[in-house]
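Data first, discussion second: the structure below is written as structure tokens.
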Amino acid sequence: MKSHIANLVSKALDQLVVDGLLDADVVKAPVIERARDASHGDFATNVAMVNSKVAKMPPRDLAARLVERLPASAGVAGVEIAGPGFINFRLADNAYHALIPEILGQGHAFGRGRIGAGKRVQVEFVSANPTGPLHVGHGRGAAYGAVVADLLEAVGYEVYREYYVNDAGRQMDILATSVWLRYLELCGEALDFPSNGYRGDYVWDIAATLHRDHADDYRQAAGAVFDGVPPDDPAGGDKEAHIDGLIARAKRLLGDNRYRFVFELGLNVILDDIRDDLHLFGVDYQEWYSERSLVESGAVNKAIDRLRDAGQLYEKAGAWWFRSTAFGDAKDRVVVRENGQTTYFASDIAYHMDKLERGFDRVIDVWGADHHGYVPRVKAALQALGDDPSRLDVLLVQFAILYRGGQKAQMSTRSGDFVTLRELRKEVGRDAARFFYVMRKCEQHMDFDLDLAKSQSSDNPVYYVQYAHARIHAVLRQAAEKLIDVEPSEGMGSLERLSETHELDLLKTLSRYPEVVEAAATQEEPHQLTHYLRELANEFHTYYNAHQFLVDDAVLRDARIKLILAIREVLRNGLNLLGVSAPEQM
RNA sequence: GCGCCCGUAGCUCAGCUGGAUAGAGUACCGCCCUCCGAAGGCGGGGGUCACAGGUUCGAAUCCUGUCGGGCGCGCCA
């Protein structure tokens, strides 16, 4: 409908050019938008105002000339000039009635589009370190990334969802060492657990598995482990030096193979947990991409070599630095440390290089906002390698702060004192968690009200929308009891009986759905969809209270049933895109 | 100190590629079930769009500055 109006306006503009009232070179393209106020009709355009200057004519005069040249159209019931020079279009009722067979005919496909044109886009999200269970801070990125991916798919992109597994590096060594130390405690060794180790209960659980399956096979005397290791922070030392010393000691005492065994046990247990957790959250990936595989395949060294060959690296204080300042970064960055180990950043360069080499048209990273300072260096690296950094979009998600009983629910991974995503799901349910996380635009700091998410009342927006869907099914069940055929196969002739304001408003709202999906997808803003669904649910509830659907007049009843079937379809499709269920009963 | 994000109704937030009287939910007050689920609906009050300048036919929206809040500035990941 919108494009139809745009088409009419373009033709009128062309005619103005032909008539010599406008210069084709300077005329600005028309923008058609939904009228905000019903009294302004259905669509409006500001072409007359934006072209007023180049036409050397007051906006309203230009508007009048343009309206004179608009082609006639059956779907358009009225055109008027208003305000400073807006041209308002009012559609004929039957233009909206035709929407119902369209929706019912397309079913699940209604609202999906093709502007993605099959382009391949990769979306990387969550990618939390496998050093512990996911917590609620990861939940927002998970929900947001998943919905953005689904939205892009809905508008015609071929989407590849990926989780980058940081299974190399020092944090993983700290985890492996933490597991081993807990295991030693289970064996009966007395020791002071390092202040920088992972202290969560899940570490005990992994240690217990090791102890159950291998008894004392991995046991070493605590003295042998700790003697000569630099003191920990509480003992007046440095916690970083202490944990590094313990890692080195673990590797030496266990030997490569046995250390690797403990390491992998920890990694696999946690990764399985994360995978399962996300799956139950409705988040599934095409690929779990291992950082270690990147190191072991030589991809990291290859990336470093490419940078060196391009003259973008230099040596300073024993380390190799990437000249990222040459590409807009605030300072140069180390890629190879003094000790010869490559940095996380070096892996990330290789990873992003690989993403682009895999031939994606677009690459999207969803990161926590605390990583925003990291964006310039990754883009710098891509540019230095001769790739096009604009193919990479980094979407930053701000933190969500949880409130329970009006109080902040705080968290910290290292101390083990945090709310896990699993617990959140258990507490508020998957539907509410998914909906709440994407209800706000991602750059907005979010207050997540656990009590509200839990409440089974109209205060809770997710229940409000789901209730509208369930209510439609309640009507359909009622109709079935009365032996009314709810899916009549005959034509749509009865639809012109839909003439109530509530009905026409609903049709108008339904007609917006494809535009909402497209906007939410292209702007990566799932919240637009949540707002839309709330609005649609509200209009349905209003309609429900104002009119009886299952009336004696069979023709009218038939029309109304078709309308609510169309509403059901859109509610279901929209909720589905959000990863929220559309229950038939609640 | 430098960089990024945010500041709109008591509270939580839309609106931001400039457009017509600034919206929604919630809270508060008042109504509506002999009627398909009241987990609902209708109405009402409530705003110097943080502040100050600038750009123009027009600014919550764009630019500059100030003030407030969050985050980041590792040879950690």
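Chain lettering (A, B, ...) mirrors the order of the structure tokens, residue numbering begins at 1 for each chain separately, and ligand numbering begins at 1 in order of display.
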Every residue of region 179-320 of chain A that DSSP places in strand (DSSP E), as a list of chain:residue names: A:Glu287, A:Trp288, A:Tyr289, A:Ser290, A:Leu313, A:Tyr314, A:Glu315, A:Lys316, A:Ala319, A:Trp320
What would the file look like if the residues just selected were written as a JSON list (two decimals), in the first residue's frame with all heavy atoms?
[["chain", "number", "residue", "atom", "x", "y", "z"],
["A", 287, "GLU", "N", 27.31, -22.63, 14.30],
["A", 287, "GLU", "CA", 28.70, -23.01, 14.57],
["A", 287, "GLU", "C", 29.21, -22.49, 15.90],
["A", 287, "GLU", "O", 28.92, -21.37, 16.29],
["A", 287, "GLU", "CB", 29.61, -22.49, 13.44],
["A", 287, "GLU", "CG", 31.07, -22.83, 13.68],
["A", 287, "GLU", "CD", 31.82, -23.17, 12.41],
["A", 287, "GLU", "OE1", 31.20, -23.25, 11.33],
["A", 287, "GLU", "OE2", 33.05, -23.36, 12.50],
["A", 288, "TRP", "N", 29.98, -23.36, 16.57],
["A", 288, "TRP", "CA", 30.71, -22.97, 17.77],
["A", 288, "TRP", "C", 32.17, -22.93, 17.34],
["A", 288, "TRP", "O", 32.77, -23.97, 17.08],
["A", 288, "TRP", "CB", 30.48, -23.98, 18.90],
["A", 288, "TRP", "CG", 29.06, -23.98, 19.35],
["A", 288, "TRP", "CD1", 27.97, -24.41, 18.66],
["A", 288, "TRP", "CD2", 28.58, -23.46, 20.60],
["A", 288, "TRP", "NE1", 26.83, -24.19, 19.40],
["A", 288, "TRP", "CE2", 27.18, -23.62, 20.60],
["A", 288, "TRP", "CE3", 29.20, -22.88, 21.71],
["A", 288, "TRP", "CZ2", 26.38, -23.21, 21.67],
["A", 288, "TRP", "CZ3", 28.40, -22.50, 22.77],
["A", 288, "TRP", "CH2", 27.01, -22.65, 22.75],
["A", 289, "TYR", "N", 32.73, -21.75, 17.23],
["A", 289, "TYR", "CA", 34.03, -21.57, 16.61],
["A", 289, "TYR", "C", 35.11, -21.47, 17.68],
["A", 289, "TYR", "O", 35.12, -20.57, 18.50],
["A", 289, "TYR", "CB", 34.01, -20.30, 15.76],
["A", 289, "TYR", "CG", 35.11, -20.22, 14.75],
["A", 289, "TYR", "CD1", 34.86, -20.47, 13.40],
["A", 289, "TYR", "CD2", 36.41, -19.89, 15.13],
["A", 289, "TYR", "CE1", 35.87, -20.39, 12.47],
["A", 289, "TYR", "CE2", 37.43, -19.82, 14.20],
["A", 289, "TYR", "CZ", 37.15, -20.07, 12.87],
["A", 289, "TYR", "OH", 38.16, -19.99, 11.96],
["A", 290, "SER", "N", 36.04, -22.41, 17.64],
["A", 290, "SER", "CA", 37.06, -22.50, 18.67],
["A", 290, "SER", "C", 38.25, -21.59, 18.43],
["A", 290, "SER", "O", 38.88, -21.62, 17.36],
["A", 290, "SER", "CB", 37.53, -23.96, 18.77],
["A", 290, "SER", "OG", 38.82, -24.03, 19.33],
["A", 313, "LEU", "N", 53.61, -3.97, 11.66],
["A", 313, "LEU", "CA", 54.08, -4.38, 12.99],
["A", 313, "LEU", "C", 55.46, -3.80, 13.27],
["A", 313, "LEU", "O", 56.24, -3.54, 12.36],
["A", 313, "LEU", "CB", 54.18, -5.91, 13.07],
["A", 313, "LEU", "CG", 52.91, -6.73, 12.93],
["A", 313, "LEU", "CD1", 53.20, -8.20, 13.26],
["A", 313, "LEU", "CD2", 51.81, -6.21, 13.83],
["A", 314, "TYR", "N", 55.75, -3.59, 14.54],
["A", 314, "TYR", "CA", 57.10, -3.20, 14.94],
["A", 314, "TYR", "C", 57.40, -3.82, 16.30],
["A", 314, "TYR", "O", 56.49, -4.18, 17.04],
["A", 314, "TYR", "CB", 57.25, -1.68, 14.98],
["A", 314, "TYR", "CG", 56.37, -0.98, 15.98],
["A", 314, "TYR", "CD1", 56.79, -0.77, 17.29],
["A", 314, "TYR", "CD2", 55.10, -0.51, 15.59],
["A", 314, "TYR", "CE1", 55.97, -0.11, 18.20],
["A", 314, "TYR", "CE2", 54.28, 0.13, 16.50],
["A", 314, "TYR", "CZ", 54.72, 0.34, 17.80],
["A", 314, "TYR", "OH", 53.92, 0.97, 18.70],
["A", 315, "GLU", "N", 58.69, -3.93, 16.59],
["A", 315, "GLU", "CA", 59.09, -4.55, 17.84],
["A", 315, "GLU", "C", 59.46, -3.48, 18.85],
["A", 315, "GLU", "O", 60.13, -2.50, 18.51],
["A", 315, "GLU", "CB", 60.30, -5.47, 17.59],
["A", 315, "GLU", "CG", 60.52, -6.47, 18.70],
["A", 315, "GLU", "CD", 61.61, -7.47, 18.35],
["A", 315, "GLU", "OE1", 62.25, -7.30, 17.29],
["A", 315, "GLU", "OE2", 61.82, -8.41, 19.13],
["A", 316, "LYS", "N", 58.99, -3.64, 20.06],
["A", 316, "LYS", "CA", 59.34, -2.68, 21.11],
["A", 316, "LYS", "C", 59.29, -3.40, 22.45],
["A", 316, "LYS", "O", 58.33, -4.12, 22.73],
["A", 316, "LYS", "CB", 58.33, -1.52, 21.12],
["A", 316, "LYS", "CG", 58.76, -0.35, 22.00],
["A", 316, "LYS", "CD", 57.76, 0.81, 21.96],
["A", 316, "LYS", "CE", 56.72, 0.67, 23.03],
["A", 316, "LYS", "NZ", 55.70, 1.73, 22.98],
["A", 319, "ALA", "N", 58.27, -7.05, 22.63],
["A", 319, "ALA", "CA", 56.97, -7.48, 22.13],
["A", 319, "ALA", "C", 56.74, -6.94, 20.72],
["A", 319, "ALA", "O", 57.44, -6.02, 20.27],
["A", 319, "ALA", "CB", 55.86, -6.96, 23.06],
["A", 320, "TRP", "N", 55.79, -7.56, 20.02],
["A", 320, "TRP", "CA", 55.42, -7.08, 18.69],
["A", 320, "TRP", "C", 54.12, -6.30, 18.76],
["A", 320, "TRP", "O", 53.13, -6.77, 19.31],
["A", 320, "TRP", "CB", 55.28, -8.25, 17.71],
["A", 320, "TRP", "CG", 56.63, -8.77, 17.27],
["A", 320, "TRP", "CD1", 57.36, -9.76, 17.86],
["A", 320, "TRP", "CD2", 57.41, -8.27, 16.18],
["A", 320, "TRP", "NE1", 58.56, -9.93, 17.21],
["A", 320, "TRP", "CE2", 58.62, -9.03, 16.17],
["A", 320, "TRP", "CE3", 57.23, -7.27, 15.22],
["A", 320, "TRP", "CZ2", 59.62, -8.81, 15.22],
["A", 320, "TRP", "CZ3", 58.23, -7.06, 14.28],
["A", 320, "TRP", "CH2", 59.41, -7.83, 14.28]]
Polymer residues at most 10 Å from region 52-58 of chain B, only C-alpha atoms (C1' of nucleotides), same-chain spacing of 3 or more positions, as a PyMOL selection string: (chain A and resi 49+58-59+84) or (chain B and resi 18-19+62-66)
Residue among B:G70, B:G44, B:C11, B:C29 lying closest to chain A, counting only C-alpha atoms (C1' of nucleotides):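 Ranking B:G70, B:G44, B:C11, B:C29 by distance to chain A, first place goes to B:G70.
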Contact residues (chain A, partner chain B, 6 Å, only C-alpha atoms (C1' of nucleotides)) as number ranges by chain: A: 83, 337, 370, 373, 457-458, 475, 542, 545
Please save C-alpha atoms of the selected residues as a tab-separated table (two decimals), in the first residue's frame.
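Saved as part_25.tsv:
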chain	number	residue	atom	x	y	z
A	83	GLY	CA	-0.88	22.09	7.65
A	337	ARG	CA	53.90	-10.68	24.05
A	370	ASP	CA	32.09	-2.67	28.10
A	373	GLY	CA	36.91	0.43	23.23
A	457	SER	CA	-1.06	-10.08	35.24
A	458	SER	CA	-1.79	-7.45	32.68
A	475	VAL	CA	-13.34	-17.55	21.06
A	542	THR	CA	-10.53	-3.07	22.99
A	545	ASN	CA	-14.78	-5.53	24.84
Nearest candidate to Ala317 (chain A) (options A:Ala546, A:Ala369, A:Leu186, A:Val334; using only C-alpha atoms): A:Val334
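Residue neighbourhood of G45 (chain B), excluding near-sequence residues (fewer than 2 positions): A9, C28, C29, G30 and G43 of chain B, at 12 Å, using only C-alpha atoms (C1' of nucleotides).
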Restricting it to all heavy atoms, dump the selection as a short mmCIF file (atom, residue, chain, number, x, y, z; two decimals), in the first residue's frame.
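Wrote it out as result.cif, contents follow:
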data_model
loop_
_atom_site.label_atom_id
_atom_site.label_comp_id
_atom_site.auth_asym_id
_atom_site.auth_seq_id
_atom_site.Cartn_x
_atom_site.Cartn_y
_atom_site.Cartn_z
P A B 9 10.24 12.58 32.30
OP1 A B 9 10.82 13.05 33.57
OP2 A B 9 10.40 11.18 31.88
"O5'" A B 9 8.68 12.90 32.32
"C5'" A B 9 8.19 14.09 32.96
"C4'" A B 9 6.85 13.80 33.61
"O4'" A B 9 5.92 13.44 32.56
"C3'" A B 9 6.89 12.66 34.60
"O3'" A B 9 6.26 13.02 35.83
"C2'" A B 9 6.10 11.53 33.96
"O2'" A B 9 5.25 10.88 34.88
"C1'" A B 9 5.23 12.28 32.96
N9 A B 9 4.85 11.50 31.77
C8 A B 9 5.32 10.33 31.27
N7 A B 9 4.70 9.89 30.19
C5 A B 9 3.76 10.86 29.96
C6 A B 9 2.78 11.02 28.98
N6 A B 9 2.58 10.16 28.00
N1 A B 9 1.99 12.11 29.03
C2 A B 9 2.17 12.99 30.01
N3 A B 9 3.07 12.96 31.02
C4 A B 9 3.83 11.86 30.93
P C B 28 -2.05 2.26 42.61
OP1 C B 28 -2.17 1.72 43.98
OP2 C B 28 -2.68 1.56 41.48
"O5'" C B 28 -2.55 3.78 42.60
"C5'" C B 28 -2.05 4.71 43.55
"C4'" C B 28 -2.63 6.08 43.26
"O4'" C B 28 -2.09 6.58 42.00
"C3'" C B 28 -4.13 6.11 43.02
"O3'" C B 28 -4.86 6.09 44.24
"C2'" C B 28 -4.29 7.43 42.27
"O2'" C B 28 -4.20 8.54 43.12
"C1'" C B 28 -3.06 7.39 41.36
N1 C B 28 -3.38 6.81 40.03
C2 C B 28 -3.89 7.66 39.04
O2 C B 28 -4.05 8.86 39.30
N3 C B 28 -4.20 7.15 37.82
C4 C B 28 -4.01 5.85 37.58
N4 C B 28 -4.33 5.39 36.39
C5 C B 28 -3.50 4.96 38.58
C6 C B 28 -3.20 5.48 39.78
P C B 29 -6.29 5.30 44.23
OP1 C B 29 -6.69 5.19 45.64
OP2 C B 29 -6.19 4.10 43.40
"O5'" C B 29 -7.25 6.34 43.51
"C5'" C B 29 -7.52 7.61 44.09
"C4'" C B 29 -8.42 8.39 43.16
"O4'" C B 29 -7.71 8.71 41.94
"C3'" C B 29 -9.66 7.65 42.66
"O3'" C B 29 -10.71 7.63 43.61
"C2'" C B 29 -10.00 8.44 41.41
"O2'" C B 29 -10.65 9.67 41.73
"C1'" C B 29 -8.62 8.73 40.84
N1 C B 29 -8.22 7.70 39.87
C2 C B 29 -8.63 7.86 38.53
O2 C B 29 -9.31 8.86 38.23
N3 C B 29 -8.29 6.92 37.61
C4 C B 29 -7.58 5.86 37.98
N4 C B 29 -7.28 4.96 37.06
C5 C B 29 -7.15 5.67 39.33
C6 C B 29 -7.49 6.60 40.23
P G B 30 -11.71 6.36 43.58
OP1 G B 30 -12.58 6.51 44.77
OP2 G B 30 -10.96 5.11 43.38
"O5'" G B 30 -12.58 6.63 42.29
"C5'" G B 30 -13.40 7.79 42.19
"C4'" G B 30 -14.07 7.84 40.85
"O4'" G B 30 -13.07 8.05 39.80
"C3'" G B 30 -14.75 6.55 40.41
"O3'" G B 30 -16.00 6.37 41.07
"C2'" G B 30 -14.89 6.79 38.91
"O2'" G B 30 -15.93 7.69 38.61
"C1'" G B 30 -13.54 7.44 38.61
N9 G B 30 -12.57 6.43 38.17
C8 G B 30 -11.58 5.82 38.91
N7 G B 30 -10.89 4.94 38.22
C5 G B 30 -11.46 4.98 36.96
C6 G B 30 -11.14 4.24 35.78
O6 G B 30 -10.27 3.39 35.62
N1 G B 30 -11.98 4.59 34.72
C2 G B 30 -12.98 5.52 34.78
N2 G B 30 -13.68 5.72 33.67
N3 G B 30 -13.29 6.22 35.87
C4 G B 30 -12.50 5.89 36.91
P G B 43 -10.70 6.33 26.15
OP1 G B 43 -10.86 7.12 24.92
OP2 G B 43 -9.42 5.65 26.45
"O5'" G B 43 -11.07 7.24 27.42
"C5'" G B 43 -12.22 8.05 27.36
"C4'" G B 43 -12.49 8.66 28.72
"O4'" G B 43 -12.64 7.60 29.70
"C3'" G B 43 -11.37 9.51 29.31
"O3'" G B 43 -11.31 10.80 28.74
"C2'" G B 43 -11.80 9.55 30.77
"O2'" G B 43 -12.90 10.42 30.96
"C1'" G B 43 -12.26 8.10 30.98
N9 G B 43 -11.18 7.28 31.52
C8 G B 43 -10.43 6.32 30.89
N7 G B 43 -9.54 5.77 31.66
C5 G B 43 -9.70 6.42 32.89
C6 G B 43 -9.01 6.26 34.12
O6 G B 43 -8.09 5.49 34.38
N1 G B 43 -9.49 7.12 35.10
C2 G B 43 -10.51 8.03 34.92
N2 G B 43 -10.84 8.77 35.97
N3 G B 43 -11.17 8.18 33.77
C4 G B 43 -10.71 7.36 32.82
#
CA of Gln106 (chain A) to CA of Lys482 (chain A), straight-line distance in Å: 27.9 Å
Point-to-point distance from CA of Glu189 (chain A) to CA of Ala222 (chain A), Å rounded to tenths: 5.9 Å
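CA of Ser39 (chain A) is positioned 24.4 Å from CA of Asn51 (chain A).
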Test item, helix (DSSP H, G or I) assignment across region 148-190 of chain A, answer as a ChimeraX atom specification: /A:148-154,170-186
I need the chosen residues saved as a CSV table (one decimal), in the first residue's frame, with N, CA, C and O atoms.
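Below is the file selection.csv, written as the result:
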chain,number,residue,atom,x,y,z
A,148,VAL,N,17.8,-10.5,16.5
A,148,VAL,CA,18.3,-9.8,15.3
A,148,VAL,C,18.6,-10.8,14.2
A,148,VAL,O,18.2,-10.6,13.0
A,149,ALA,N,19.1,-11.9,14.5
A,149,ALA,CA,19.4,-13.0,13.5
A,149,ALA,C,18.1,-13.5,12.9
A,149,ALA,O,18.0,-13.6,11.7
A,150,ASP,N,17.1,-13.7,13.7
A,150,ASP,CA,15.8,-14.2,13.2
A,150,ASP,C,15.2,-13.2,12.3
A,150,ASP,O,14.5,-13.5,11.3
A,151,LEU,N,15.3,-11.9,12.8
A,151,LEU,CA,14.7,-10.8,12.0
A,151,LEU,C,15.3,-10.7,10.6
A,151,LEU,O,14.6,-10.6,9.6
A,152,LEU,N,16.6,-10.8,10.6
A,152,LEU,CA,17.3,-10.7,9.3
A,152,LEU,C,16.9,-11.8,8.4
A,152,LEU,O,16.7,-11.7,7.2
A,153,GLU,N,16.8,-13.0,9.0
A,153,GLU,CA,16.4,-14.1,8.2
A,153,GLU,C,15.0,-13.9,7.7
A,153,GLU,O,14.7,-14.2,6.5
A,154,ALA,N,14.1,-13.3,8.5
A,154,ALA,CA,12.7,-13.0,8.1
A,154,ALA,C,12.6,-12.1,6.9
A,154,ALA,O,11.6,-12.1,6.2
A,170,ARG,N,44.9,-17.4,29.0
A,170,ARG,CA,45.2,-17.5,30.4
A,170,ARG,C,43.9,-17.7,31.3
A,170,ARG,O,44.0,-18.5,32.3
A,171,GLN,N,42.8,-17.2,30.9
A,171,GLN,CA,41.6,-17.4,31.8
A,171,GLN,C,41.3,-18.8,31.8
A,171,GLN,O,40.8,-19.3,32.9
A,172,MET,N,41.4,-19.6,30.7
A,172,MET,CA,41.1,-21.0,30.7
A,172,MET,C,42.1,-21.7,31.6
A,172,MET,O,41.8,-22.7,32.3
A,173,ASP,N,43.4,-21.3,31.6
A,173,ASP,CA,44.4,-21.9,32.5
A,173,ASP,C,44.0,-21.7,34.0
A,173,ASP,O,44.2,-22.6,34.8
A,174,ILE,N,43.5,-20.5,34.2
A,174,ILE,CA,43.1,-20.2,35.6
A,174,ILE,C,41.9,-21.2,36.0
A,174,ILE,O,41.9,-21.7,37.1
A,175,LEU,N,41.0,-21.4,35.1
A,175,LEU,CA,39.9,-22.3,35.4
A,175,LEU,C,40.4,-23.7,35.6
A,175,LEU,O,40.1,-24.4,36.6
A,176,ALA,N,41.3,-24.2,34.7
A,176,ALA,CA,41.8,-25.6,34.9
A,176,ALA,C,42.5,-25.7,36.2
A,176,ALA,O,42.4,-26.7,36.9
A,177,THR,N,43.3,-24.7,36.6
A,177,THR,CA,44.1,-24.8,37.8
A,177,THR,C,43.1,-24.7,39.0
A,177,THR,O,43.3,-25.4,40.0
A,178,SER,N,42.0,-23.9,38.9
A,178,SER,CA,41.0,-23.8,39.9
A,178,SER,C,40.4,-25.2,40.2
A,178,SER,O,40.2,-25.7,41.3
A,179,VAL,N,40.0,-25.9,39.1
A,179,VAL,CA,39.4,-27.2,39.1
A,179,VAL,C,40.4,-28.2,39.9
A,179,VAL,O,40.0,-28.9,40.8
A,180,TRP,N,41.6,-28.1,39.4
A,180,TRP,CA,42.6,-29.1,40.0
A,180,TRP,C,42.8,-28.8,41.5
A,180,TRP,O,42.9,-29.8,42.3
A,181,LEU,N,42.9,-27.6,41.9
A,181,LEU,CA,43.1,-27.3,43.3
A,181,LEU,C,41.9,-27.7,44.1
A,181,LEU,O,42.0,-28.3,45.3
A,182,ARG,N,40.7,-27.5,43.6
A,182,ARG,CA,39.5,-28.0,44.3
A,182,ARG,C,39.5,-29.6,44.4
A,182,ARG,O,39.1,-30.1,45.4
A,183,TYR,N,40.0,-30.2,43.4
A,183,TYR,CA,40.1,-31.6,43.4
A,183,TYR,C,41.1,-32.0,44.5
A,183,TYR,O,40.8,-33.0,45.2
A,184,LEU,N,42.2,-31.3,44.6
A,184,LEU,CA,43.2,-31.7,45.6
A,184,LEU,C,42.5,-31.5,47.0
A,184,LEU,O,42.8,-32.4,47.9
A,185,GLU,N,41.7,-30.5,47.2
A,185,GLU,CA,41.0,-30.4,48.4
A,185,GLU,C,40.1,-31.6,48.7
A,185,GLU,O,40.0,-32.1,49.8
A,186,LEU,N,39.4,-32.1,47.6
A,186,LEU,CA,38.6,-33.2,47.8
A,186,LEU,C,39.4,-34.5,48.1
A,186,LEU,O,38.9,-35.4,48.8
Polymer residues at most 8 Å from region 323-330 of chain A, only C-alpha atoms (C1' of nucleotides), same-chain spacing of 6 or more positions, as an NGL selection string: :A and (312-314 or 376-377 or 380-381 or 383-384)
Who sits within 7 Å of Ile349 (chain A), only C-alpha atoms (C1' of nucleotides), same chain under 3 positions skipped, as a PDB file with N, CA and C atoms, in the first residue's frame:
ATOM      1  N   ALA A 303      47.920 -14.522  10.296  1.00  0.00           N
ATOM      2  CA  ALA A 303      47.416 -13.148  10.374  1.00  0.00           C
ATOM      3  C   ALA A 303      48.545 -12.200  10.789  1.00  0.00           C
ATOM      4  N   PHE A 345      43.893 -10.450  21.251  1.00  0.00           N
ATOM      5  CA  PHE A 345      43.643  -9.584  20.097  1.00  0.00           C
ATOM      6  C   PHE A 345      44.163 -10.216  18.807  1.00  0.00           C
ATOM      7  N   ALA A 346      45.323 -10.883  18.913  1.00  0.00           N
ATOM      8  CA  ALA A 346      45.889 -11.536  17.722  1.00  0.00           C
ATOM      9  C   ALA A 346      44.924 -12.617  17.215  1.00  0.00           C
ATOM     10  N   HIS A 352      38.452 -12.549  12.685  1.00  0.00           N
ATOM     11  CA  HIS A 352      37.696 -11.644  11.807  1.00  0.00           C
ATOM     12  C   HIS A 352      38.172 -11.713  10.360  1.00  0.00           C
ATOM     13  N   MET A 353      39.458 -11.961  10.216  1.00  0.00           N
ATOM     14  CA  MET A 353      39.982 -12.158   8.866  1.00  0.00           C
ATOM     15  C   MET A 353      39.299 -13.377   8.248  1.00  0.00           C
ATOM     16  N   VAL A 378      39.876  -3.605  16.119  1.00  0.00           N
ATOM     17  CA  VAL A 378      39.497  -4.694  15.214  1.00  0.00           C
ATOM     18  C   VAL A 378      39.288  -4.152  13.799  1.00  0.00           C
ATOM     19  N   ALA A 381      42.582  -3.406  12.261  1.00  0.00           N
ATOM     20  CA  ALA A 381      43.285  -4.595  11.771  1.00  0.00           C
ATOM     21  C   ALA A 381      42.754  -5.009  10.402  1.00  0.00           C
TER      22      ALA A 381
END
Contacts of Leu507 (chain A) at 8 Å (only C-alpha atoms (C1' of nucleotides); same-chain gap of 4+ positions) as a PyMOL selection string: chain A and resi 96-97+99+503+511
Residue nearest Val394 (chain A) among A:Ile274, A:Val123, A:Leu476, A:Met586 (counting only C-alpha atoms): A:Val123
Glu427 (chain A) environment, 12 Å, only C-alpha atoms (C1' of nucleotides), sequence neighbours closer than 6 positions dropped, as a PyMOL selection string: chain A and resi 136+404+419-421+433+449-455
